[in-house]
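So this one's start_15.txt, compact mmCIF, C-alpha atoms:
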```
# COMPACT_ATOMS: atom_id res chain seq x y z
CA MET E 22 43.85 11.05 -32.17
CA ASN E 23 40.46 9.72 -31.08
CA LYS E 24 40.66 6.96 -33.70
CA THR E 25 43.29 5.19 -31.64
CA LYS E 26 41.24 5.36 -28.44
CA THR E 27 38.87 2.70 -27.20
CA LYS E 28 35.37 4.17 -27.32
CA ILE E 29 33.07 3.42 -24.40
CA VAL E 30 29.42 4.48 -24.38
CA ILE E 31 27.56 4.66 -21.05
CA ALA E 32 23.86 4.85 -21.86
CA SER E 33 20.77 5.64 -19.80
CA VAL E 34 17.20 6.66 -20.65
CA LEU E 35 15.91 8.65 -17.68
CA LYS E 36 19.08 9.60 -15.83
CA PRO E 37 20.97 12.84 -16.57
CA VAL E 38 24.30 12.67 -18.34
CA ASP E 39 26.00 13.87 -15.16
CA ASP E 40 24.36 11.19 -12.98
CA VAL E 41 26.67 10.48 -10.08
CA ARG E 42 27.09 6.74 -10.74
CA ASN E 43 27.41 6.92 -14.52
CA TYR E 44 29.57 10.05 -14.67
CA LYS E 45 31.19 10.85 -11.34
CA LYS E 46 31.97 7.23 -10.54
CA ILE E 47 32.17 4.88 -13.55
CA ALA E 48 33.16 7.33 -16.30
CA SER E 49 35.53 9.37 -14.15
CA SER E 50 37.25 6.20 -12.92
CA LEU E 51 37.70 4.88 -16.46
CA ALA E 52 38.99 8.27 -17.66
CA ALA E 53 42.15 7.59 -15.66
CA ASN E 54 43.09 5.38 -18.62
CA GLU E 55 44.24 7.75 -21.37
CA ASN E 56 43.36 5.13 -24.00
CA TYR E 57 39.63 5.47 -23.33
CA ARG E 58 37.19 7.96 -24.84
CA ILE E 59 33.91 7.89 -22.94
CA ILE E 60 30.54 9.10 -24.24
CA ILE E 61 27.70 9.39 -21.73
CA LEU E 62 24.13 9.36 -23.06
CA GLY E 63 21.11 10.52 -21.08
CA ILE E 64 18.88 13.52 -20.48
CA GLY E 65 20.39 16.97 -20.05
CA GLY E 66 22.33 17.53 -16.84
CA ASN E 67 23.45 20.41 -14.64
CA SER E 68 27.17 20.38 -15.40
CA GLN E 69 29.86 19.81 -18.00
CA PRO E 70 32.47 17.02 -17.97
CA GLU E 71 35.64 17.85 -16.11
CA SER E 72 37.77 15.48 -18.20
CA SER E 73 38.54 16.00 -21.91
CA GLN E 74 38.13 12.23 -22.33
CA ILE E 75 34.45 12.37 -21.35
CA ILE E 76 31.72 13.65 -23.67
CA PHE E 77 28.06 14.29 -22.83
CA LYS E 78 25.41 13.64 -25.46
CA SER E 79 21.92 14.31 -24.20
CA TRP E 80 18.38 13.97 -25.47
CA ARG E 81 15.75 16.46 -24.44
CA LYS E 82 13.86 15.92 -21.24
CA PHE E 83 10.51 14.16 -21.46
CA ASN E 84 7.73 12.84 -19.28
CA ARG E 85 8.41 9.40 -17.86
CA LEU E 86 5.19 8.04 -19.39
CA SER E 87 5.39 9.81 -22.78
CA PHE E 88 6.04 8.31 -26.22
CA ASP E 89 9.33 10.23 -26.27
CA ARG E 90 10.63 7.44 -24.06
CA LEU E 91 10.31 5.10 -27.05
CA ARG E 92 11.91 7.61 -29.41
CA VAL E 93 15.06 7.44 -27.32
CA GLN E 94 15.73 4.04 -28.94
CA ARG E 95 16.08 5.72 -32.33
CA ALA E 96 18.36 8.42 -30.94
CA PHE E 97 20.44 5.74 -29.21
CA TRP E 98 20.80 3.72 -32.44
CA LYS E 99 21.77 6.83 -34.40
CA THR E 100 24.47 7.71 -31.86
CA MET E 101 25.82 4.14 -31.95
CA LYS E 102 26.16 4.30 -35.73
CA GLN E 103 27.96 7.64 -35.49
CA GLU E 104 30.32 6.72 -32.68
CA LYS E 105 30.91 3.01 -33.46
CA PRO E 106 31.87 2.21 -29.85
CA ASP E 107 34.01 -0.71 -28.77
CA LEU E 108 32.05 -1.14 -25.55
CA ILE E 109 28.50 -0.25 -24.51
CA ILE E 110 27.74 0.00 -20.79
CA CYS E 111 23.97 -0.28 -20.71
CA THR E 112 22.46 1.02 -17.45
CA THR E 113 18.80 0.15 -18.11
CA PHE E 114 16.88 -2.80 -19.53
CA GLU E 115 15.23 -0.48 -22.09
CA LEU E 116 18.40 -0.18 -24.16
CA LEU E 117 19.44 -3.84 -24.01
CA LEU E 118 17.65 -5.05 -27.14
CA THR E 119 18.89 -2.12 -29.23
CA SER E 120 22.42 -2.74 -27.93
CA VAL E 121 22.26 -6.44 -28.85
CA LEU E 122 20.86 -5.63 -32.32
CA PHE E 123 23.72 -3.19 -32.83
CA ARG E 124 26.14 -5.89 -31.70
CA SER E 125 24.80 -8.21 -34.43
CA ARG E 126 26.06 -5.74 -37.06
CA HIS E 127 29.15 -4.31 -35.41
CA GLN E 128 32.08 -5.57 -33.40
CA VAL E 129 31.22 -4.36 -29.92
CA LYS E 130 31.02 -5.72 -26.39
CA ILE E 131 28.16 -5.05 -23.97
CA ILE E 132 28.17 -4.66 -20.20
CA TYR E 133 24.85 -4.50 -18.36
CA ASP E 134 25.16 -2.29 -15.29
CA ILE E 135 22.32 -3.63 -13.13
CA GLN E 136 21.24 -0.78 -10.88
CA GLU E 137 17.74 -2.10 -10.17
CA ASP E 138 16.02 -5.46 -9.85
CA TYR E 139 13.06 -4.51 -12.03
CA LEU E 140 11.15 -7.73 -11.39
CA LYS E 141 11.23 -7.34 -7.62
CA ASN E 142 10.57 -3.60 -7.78
CA LEU E 143 7.48 -4.00 -9.93
CA TRP E 144 6.08 -6.92 -7.95
CA HIS E 145 6.38 -5.36 -4.53
CA GLN E 146 6.26 -1.57 -4.88
CA LYS E 147 2.71 -1.54 -6.28
CA PHE E 148 3.15 1.40 -8.66
CA TYR E 149 0.95 -0.46 -11.15
CA PRO E 150 -2.26 -2.50 -10.71
CA THR E 151 -2.06 -6.11 -9.55
CA GLY E 152 -1.68 -8.39 -12.56
CA LEU E 153 -0.24 -5.69 -14.81
CA ARG E 154 2.83 -5.20 -12.64
CA HIS E 155 3.42 -8.98 -12.57
CA VAL E 156 3.14 -9.26 -16.36
CA VAL E 157 5.44 -6.27 -16.92
CA GLY E 158 7.97 -7.53 -14.36
CA LEU E 159 8.07 -11.03 -15.85
CA SER E 160 8.37 -9.59 -19.37
CA ILE E 161 11.38 -7.50 -18.40
CA ARG E 162 13.05 -10.42 -16.64
CA ALA E 163 12.39 -12.71 -19.63
CA MET E 164 13.99 -10.18 -21.97
CA GLU E 165 17.00 -9.74 -19.68
CA TRP E 166 17.43 -13.51 -19.45
CA ALA E 167 17.03 -14.04 -23.24
CA LEU E 168 19.61 -11.36 -24.07
CA SER E 169 22.10 -12.31 -21.33
CA PRO E 170 24.14 -14.70 -23.58
CA PHE E 171 25.02 -11.70 -25.78
CA ILE E 172 26.27 -9.66 -22.82
CA SER E 173 29.96 -9.93 -21.97
CA GLY E 174 29.71 -8.91 -18.34
CA PHE E 175 27.47 -7.55 -15.60
CA THR E 176 28.23 -4.94 -12.97
CA LEU E 177 25.96 -5.18 -9.94
CA ALA E 178 25.07 -2.16 -7.82
CA GLU E 179 24.03 -4.43 -4.94
CA LYS E 180 25.60 -7.60 -3.56
CA THR E 181 22.19 -9.22 -3.26
CA TYR E 182 21.78 -9.21 -7.06
CA GLN E 183 24.29 -12.05 -7.44
CA ASN E 184 21.74 -14.33 -5.76
CA ASP E 185 18.52 -12.66 -6.85
CA ILE E 186 19.32 -12.31 -10.57
CA ARG E 187 20.50 -15.71 -11.72
CA PHE E 188 21.29 -14.95 -15.37
CA VAL E 189 24.46 -13.04 -14.41
CA ARG E 190 26.15 -16.43 -13.76
CA LYS E 191 29.90 -15.96 -13.27
CA LYS E 192 30.32 -12.90 -15.50
CA PHE E 193 29.77 -10.24 -12.87
CA LEU E 194 31.53 -7.62 -10.79
CA ILE E 195 29.92 -6.25 -7.64
CA LEU E 196 30.18 -2.49 -7.96
CA GLU E 197 28.27 -0.94 -5.07
CA ASN E 198 27.23 2.71 -4.89
CA LYS E 199 29.91 3.63 -2.42
CA SER E 200 30.64 7.26 -1.67
CA LEU E 201 32.94 9.77 -3.24
CA PRO E 202 35.10 11.60 -0.65
CA ILE E 203 33.15 14.12 1.45
CA SER E 204 34.87 16.60 3.78
CA PRO E 205 32.79 17.54 6.84
CA GLN E 206 32.23 21.31 7.16
CA LYS E 207 30.13 21.93 10.24
CA ILE E 208 29.75 25.71 9.84
CA SER E 209 26.06 26.19 10.62
CA GLU E 210 25.08 27.91 13.86
CA TYR E 211 22.16 25.47 14.07
CA PHE E 212 22.11 21.76 14.73
CA LYS E 213 21.30 20.59 11.21
CA VAL E 214 19.36 17.39 10.49
CA ILE E 215 19.03 16.18 6.89
CA PHE E 216 17.03 13.78 4.76
CA THR E 217 18.59 13.34 1.31
CA GLY E 218 18.11 11.28 -1.83
CA THR E 219 15.06 10.43 -3.89
CA ILE E 220 11.96 11.77 -2.15
CA THR E 221 9.16 9.20 -2.34
CA SER E 222 6.67 7.37 -0.17
CA TYR E 223 8.99 4.36 -0.58
CA SER E 224 11.90 6.25 1.05
CA ARG E 225 9.43 7.38 3.74
CA ALA E 226 10.26 11.07 3.45
CA LYS E 227 7.01 12.19 5.08
CA GLU E 228 7.41 9.75 7.96
CA SER E 229 10.99 10.98 8.45
CA ILE E 230 9.77 14.56 8.76
CA GLU E 231 7.26 13.43 11.36
CA LEU E 232 10.03 11.57 13.19
CA TYR E 233 12.07 14.77 13.37
CA LEU E 234 9.10 16.70 14.72
CA GLN E 235 8.76 14.08 17.47
CA ILE E 236 12.38 14.34 18.61
CA LYS E 237 13.25 17.99 17.88
CA ASP E 238 12.71 18.99 21.52
CA GLN E 239 15.73 16.80 22.32
CA LEU E 240 17.73 18.74 19.68
CA PRO E 241 17.37 22.38 20.76
CA GLY E 242 18.05 24.93 18.04
CA SER E 243 17.87 22.28 15.34
CA THR E 244 16.59 22.46 11.77
CA LEU E 245 15.60 19.78 9.24
CA THR E 246 16.48 20.04 5.55
CA VAL E 247 14.79 17.67 3.10
CA ILE E 248 16.53 17.79 -0.27
CA GLY E 249 16.15 15.60 -3.32
CA HIS E 250 14.42 14.67 -6.55
CA VAL E 251 10.67 13.98 -6.30
CA PRO E 252 9.67 11.84 -9.32
CA VAL E 253 5.95 11.79 -8.40
CA SER E 254 4.43 15.28 -8.58
CA ASN E 255 1.53 14.46 -6.26
CA TYR E 256 3.96 13.46 -3.52
CA GLN E 257 5.80 16.75 -3.85
CA LYS E 258 2.49 18.62 -3.57
CA LEU E 259 1.61 16.59 -0.48
CA LEU E 260 4.87 17.47 1.28
CA GLU E 261 4.74 21.13 0.32
CA HIS E 262 1.11 21.43 1.43
CA SER E 263 1.79 19.66 4.72
CA TYR E 264 5.05 21.34 5.75
CA HIS E 265 5.50 24.58 3.80
CA ASP E 266 5.02 26.69 6.94
CA THR E 267 6.36 24.24 9.54
CA PRO E 268 8.99 25.99 11.71
CA ASN E 269 12.58 24.76 11.28
CA VAL E 270 11.68 22.47 8.33
CA ALA E 271 13.14 23.43 4.92
CA LEU E 272 12.01 21.62 1.77
CA LYS E 273 14.40 21.71 -1.20
CA LEU E 274 12.43 19.56 -3.61
CA SER E 275 12.71 19.32 -7.38
CA SER E 276 10.84 17.47 -10.11
CA ASN E 277 14.22 17.10 -11.87
CA PRO E 278 17.35 15.40 -10.50
CA ILE E 279 19.31 17.73 -8.22
CA ALA E 280 23.02 18.21 -8.85
CA HIS E 281 24.96 15.83 -6.64
CA GLY E 282 27.19 18.67 -5.49
CA GLU E 283 24.19 20.34 -3.83
CA ILE E 284 23.39 17.13 -1.97
CA VAL E 285 27.01 16.81 -0.84
CA ASP E 286 27.00 20.40 0.44
CA GLU E 287 24.03 19.60 2.65
CA ILE E 288 25.62 16.37 3.91
CA SER E 289 28.97 17.98 4.68
CA SER E 290 27.39 20.72 6.81
CA ALA E 291 24.91 18.50 8.69
CA ASN E 292 25.04 17.13 12.24
CA LEU E 293 22.59 14.24 11.90
CA GLY E 294 21.06 12.27 9.03
CA ILE E 295 17.87 10.23 8.77
CA ILE E 296 17.59 7.04 6.73
CA GLY E 297 13.89 6.36 6.88
CA TYR E 298 13.50 2.97 5.23
CA LEU E 299 11.65 0.12 6.87
CA PRO E 300 12.59 -3.39 5.62
CA ASN E 301 10.49 -4.81 2.79
CA PRO E 302 11.10 -7.48 0.11
CA VAL E 303 12.66 -4.91 -2.23
CA ASN E 304 15.15 -3.15 0.04
CA VAL E 305 15.90 -5.60 2.86
CA ASN E 306 19.34 -6.57 1.50
CA LYS E 307 20.15 -3.38 -0.41
CA ILE E 308 22.49 -0.70 0.94
CA PRO E 309 21.33 2.92 0.52
CA THR E 310 23.94 5.15 -1.12
CA LYS E 311 23.31 7.73 1.59
CA LEU E 312 24.56 5.27 4.23
CA TYR E 313 27.98 5.29 2.57
CA GLU E 314 27.83 9.06 2.02
CA TYR E 315 26.95 9.80 5.64
CA THR E 316 29.80 7.54 6.74
CA ALA E 317 32.24 9.33 4.41
CA ALA E 318 31.19 12.66 5.92
CA LYS E 319 31.52 11.29 9.47
CA LEU E 320 27.84 12.10 9.92
CA PRO E 321 25.82 10.21 12.55
CA TYR E 322 22.48 8.95 11.27
CA LEU E 323 19.27 7.33 12.46
CA VAL E 324 18.27 4.00 10.93
CA GLN E 325 15.82 1.21 11.72
CA ASN E 326 17.27 -1.17 14.32
CA GLU E 327 17.81 -4.88 13.77
CA THR E 328 18.32 -4.51 10.01
CA THR E 329 21.10 -5.08 7.50
CA TRP E 330 21.63 -1.32 7.52
CA SER E 331 22.11 -1.09 11.28
CA ASP E 332 24.53 -4.03 11.15
CA ILE E 333 26.63 -2.42 8.41
CA GLY E 334 26.42 0.92 10.20
CA ALA E 335 27.80 -0.72 13.33
CA GLU E 336 30.81 -1.91 11.28
CA LEU E 337 31.42 1.43 9.56
CA GLY E 338 30.54 3.75 12.45
CA GLY E 339 28.11 6.58 13.07
CA VAL E 340 24.88 4.57 13.20
CA ILE E 341 22.15 5.25 15.77
CA PRO E 342 19.77 2.30 15.49
CA ILE E 343 16.25 3.07 16.69
CA ASP E 344 12.65 2.03 16.20
CA LEU E 345 11.67 4.58 13.56
CA THR E 346 8.00 4.21 14.38
CA HIS E 347 8.55 4.92 18.10
CA PRO E 348 11.70 7.07 18.39
CA ASP E 349 13.31 7.49 21.80
CA GLY E 350 14.41 11.12 21.87
CA PRO E 351 16.54 10.98 25.06
CA TYR E 352 18.37 7.89 23.76
CA ILE E 353 19.13 9.65 20.47
CA LYS E 354 20.43 12.72 22.30
CA ASP E 355 22.63 10.59 24.56
CA ARG E 356 23.98 8.52 21.66
CA LEU E 357 24.81 11.64 19.67
CA ALA E 358 26.79 13.04 22.58
CA ASN E 359 28.92 9.90 22.73
CA ILE E 360 29.69 9.23 19.06
CA ALA E 361 33.37 9.83 18.40
CA ILE E 362 35.19 10.26 15.09
CA SER E 363 37.46 7.39 16.14
CA GLU E 364 34.47 5.02 15.87
CA TYR E 365 34.34 5.36 12.09
CA ALA E 366 36.01 2.72 9.92
CA LYS E 367 38.84 3.81 7.65
CA ASN E 368 37.63 1.88 4.62
CA GLY E 369 34.70 -0.05 3.22
CA TYR E 370 32.56 2.91 2.13
CA LEU E 371 34.53 4.78 -0.58
CA TRP E 372 34.13 4.29 -4.32
CA ARG E 373 37.86 4.60 -4.97
CA GLU E 374 38.40 1.31 -3.12
CA ASP E 375 36.76 -0.53 -6.05
CA GLU E 376 38.22 1.47 -8.94
CA GLU E 377 41.01 -1.00 -9.63
CA LYS E 378 38.54 -3.91 -9.77
CA LEU E 379 36.42 -1.97 -12.27
CA SER E 380 39.45 -1.13 -14.40
CA LYS E 381 40.55 -4.77 -14.57
CA PHE E 382 37.01 -5.95 -15.35
CA ILE E 383 36.63 -3.47 -18.24
CA HIS E 384 40.12 -4.18 -19.57
CA ALA E 385 39.46 -7.93 -19.62
CA ILE E 386 36.28 -7.49 -21.66
CA ILE E 387 37.86 -5.06 -24.12
CA ARG E 388 40.78 -7.45 -24.53
CA GLN E 389 38.33 -10.15 -25.60
CA LEU E 390 37.19 -7.78 -28.36
CA LYS E 391 40.69 -7.07 -29.60
CA HIS E 392 41.95 -10.63 -29.08
CA PRO E 393 38.92 -12.88 -29.79
CA ASN E 394 40.90 -16.08 -29.37
CA TYR E 395 42.16 -15.04 -25.96
CA LEU E 396 39.93 -16.63 -23.32
CA ILE E 397 39.43 -14.74 -20.10
CA PHE E 398 37.48 -16.33 -17.29
CA LEU E 399 35.62 -13.68 -15.34
CA ASN E 400 35.15 -15.51 -12.06
CA LEU E 401 34.76 -12.34 -10.05
CA TYR E 402 32.88 -13.16 -6.87
CA LEU E 403 33.60 -10.14 -4.71
CA TYR E 404 31.94 -10.54 -1.38
```

Here is a file; write its structure as structure tokens.
Amino acid sequence: MNKTKTKIVIASVLKPVDDVRNYKKIASSLAANENYRIIILGIGGNSQPESSQIIFKSWRKFNRLSFDRLRVQRAFWKTMKQEKPDLIICTTFELLLTSVLFRSRHQVKIIYDIQEDYLKNLWHQKFYPTGLRHVVGLSIRAMEWALSPFISGFTLAEKTYQNDIRFVRKKFLILENKSLPISPQKISEYFKVIFTGTITSYSRAKESIELYLQIKDQLPGSTLTVIGHVPVSNYQKLLEHSYHDTPNVALKLSSNPIAHGEIVDEISSANLGIIGYLPNPVNVNKIPTKLYEYTAAKLPYLVQNETTWSDIGAELGGVIPIDLTHPDGPYIKDRLANIAISEYAKNGYLWREDEEKLSKFIHAIIRQLKHPNYLIFLNLYLY
């Protein structure tokens, strides 16, 4: 029966097979079409696929800086030869060249799901020494640009990428990391504050804990839960050393990605969220996934004032814009008391609102494969 199905491979290097975007959003949305068989490649995850049309194929976990990261290319090629997919959705630059080489020998289409602007990240986040990070960033961008003619379409996780990444031209679909449905369940006897997502110095997790400690007197009986994946072990050690015995602060940190369901449980039972970013050249026009998730859960949240995030939060509801470096506790308390459920927008933050656009985009590209003389113009500017 599978021979008659269109095979779609969604491939990553460092993300788990049950990654929320790759599995819960893209794959699960496409699985609504009974003609698709979807194989997700990545490192081992925490769950099994809920749909019989989705298959997980994982490689063993490895250190981010180990040679095993290069060996993934061989495993990826081997899987491509076995599965002979009709469409590859490549979610990282590392698998682009292998995908294009496979395309030169087999009839297959490629979509590049751009989740990060690697050039901008490397140049401004300073994870590598000056000079090296510029060379690496330019090398990645040059490869992306050189391979772009062989890619049938691009899905963009951020609207800003349509202007920042010029090689996508007119072959793109904006597919933001909007939220899956979240039902609020305020069952805790405490006033629960949360900080969720990737725990790094870039997301300002430590500064957000300090912010909570400054305002907690205005939130009597409150607790703070910090939950998420910490990719840098030294940062996890720093947080655990600094706050392991701090009253009312709970650290749920992991060196491996945490199941999204655990994050959602924390969000659904919380009373206040903290989005700790300060604007910089990398994030200034990007929308944190947690902003959409907090909105879906009808969860008020603190965010830096006079930013893109505070503007979008004002449209969607629930935002409390403040100066994160000098928080005004009484103002936060007063604003919390006056936020009403009726303030929240009814749309604009849920993934399901873009599912039909994704389905049409994928169908158009697959139709090009099955009908090569049929021209489809993908002028999909979705602002």

Residues near E:Glu137, cut-off 10 Å, all atoms listed in the file, skip fewer than 3 positions along chain, as a ChimeraX atom specification: /E:112-114,134,140-142,177-179,182,303

Emit the selected residues as a CSV table (one decimal), keeping the file's coordinate frame, including C-alpha atoms.
```csv
chain,number,residue,atom,x,y,z
E,112,THR,CA,22.5,1.0,-17.4
E,113,THR,CA,18.8,0.2,-18.1
E,114,PHE,CA,16.9,-2.8,-19.5
E,134,ASP,CA,25.2,-2.3,-15.3
E,140,LEU,CA,11.2,-7.7,-11.4
E,141,LYS,CA,11.2,-7.3,-7.6
E,142,ASN,CA,10.6,-3.6,-7.8
E,177,LEU,CA,26.0,-5.2,-9.9
E,178,ALA,CA,25.1,-2.2,-7.8
E,179,GLU,CA,24.0,-4.4,-4.9
E,182,TYR,CA,21.8,-9.2,-7.1
E,303,VAL,CA,12.7,-4.9,-2.2
```

Near-E:Phe212 list (9 Å; all atoms listed in the file; drop same-chain fewer than 2 positions) as number ranges by chain: E: 209-210, 214, 240-245, 291-293

Counting all atoms listed in the file, the residue of E:Gln69, E:Ser169, E:Gln74, E:Gln146 that sits nearest E:Ser49: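 Looking at the shortest contact to E:Ser49, the residue is E:Gln74.
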
Nearest-residue call for E:Gly338, choices E:Ile215, E:Leu232, E:Ala361, E:Ile109, using only C-alpha atoms: E:Ala361

Could you give me the centre and size, in Å to one decimal, of an axis-aligned box around all listed atoms of stretch 365-374 of chain E with 6 Å added on every side, as JSON?
```
{"center_x": 35.7, "center_y": 2.7, "center_z": 3.6, "size_x": 18.3, "size_y": 17.4, "size_z": 29.1}
```

Distance of atom CA of E:Ala52 from atom CA of E:Ser72, expressed in Å to one decimal place: 7.3 Å

Residue nearest E:Val189 - candidates E:Leu168, E:Leu320, E:Val247, E:Leu51, atoms counted: only C-alpha atoms: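 Looking only at the distances to E:Val189, the closest residue turns out to be E:Leu168.
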
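The space separating atom CA of E:Leu116 from atom CA of E:Lys192 comes to 19.5 Å.
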
Two-atom distance - atom CA of E:Arg124, atom CA of E:Ala385 (Å):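 Separation between atom CA of E:Arg124 and atom CA of E:Ala385: 18.1 Å.
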
Residue neighbourhood E:Ile172, 8 Å, all atoms listed in the file, exclusion window fewer than 4 positions, as a PyMOL selection string: chain E and resi 121+130-133+168

Pick from E:Gln325, E:Ser173, E:Thr219, E:Ser200, whichever lies nearest to E:Pro278 using only C-alpha atoms: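 Once distances to E:Pro278 are computed over only C-alpha atoms, the minimum belongs to E:Thr219.
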
From E:Lys199, E:Lys45, E:Lys213, E:Arg356, residue lying nearest E:Glu314 [only C-alpha atoms]: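 For E:Glu314, the nearest of the candidates is E:Lys199.
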
From E:Pro342, E:Pro37, E:Gly369, E:Pro205, residue lying nearest E:Ile295 [only C-alpha atoms]: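 Nearest candidate to E:Ile295 out of E:Pro342, E:Pro37, E:Gly369, E:Pro205: E:Pro342.
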
Can you tell me, as a compact mmCIF listing (two decimals) with C-alpha atoms, keeping the file's coordinate frame, what residues are no more than 7 Å from E:Gly65 when counting all atoms listed in the file, ignoring any on the same chain fewer than 2 positions away?
```
# COMPACT_ATOMS: atom_id res chain seq x y z
CA PRO E 37 20.97 12.84 -16.57
CA VAL E 38 24.30 12.67 -18.34
CA GLY E 63 21.11 10.52 -21.08
CA SER E 79 21.92 14.31 -24.20
CA TRP E 80 18.38 13.97 -25.47
CA ARG E 81 15.75 16.46 -24.44
CA LYS E 82 13.86 15.92 -21.24
```

Protein/DNA/RNA residues near (22.1, 9.1, -31.3), cut 12 Å, all atoms listed in the file, as a ChimeraX atom specification: /E:30,32,34,60-63,77-81,92-105,119

Test item: residues at most 9 Å from E:Arg225, only C-alpha atoms, excluding those fewer than 5 positions along its chain, as a ChimeraX atom specification: /E:220,230,296-299
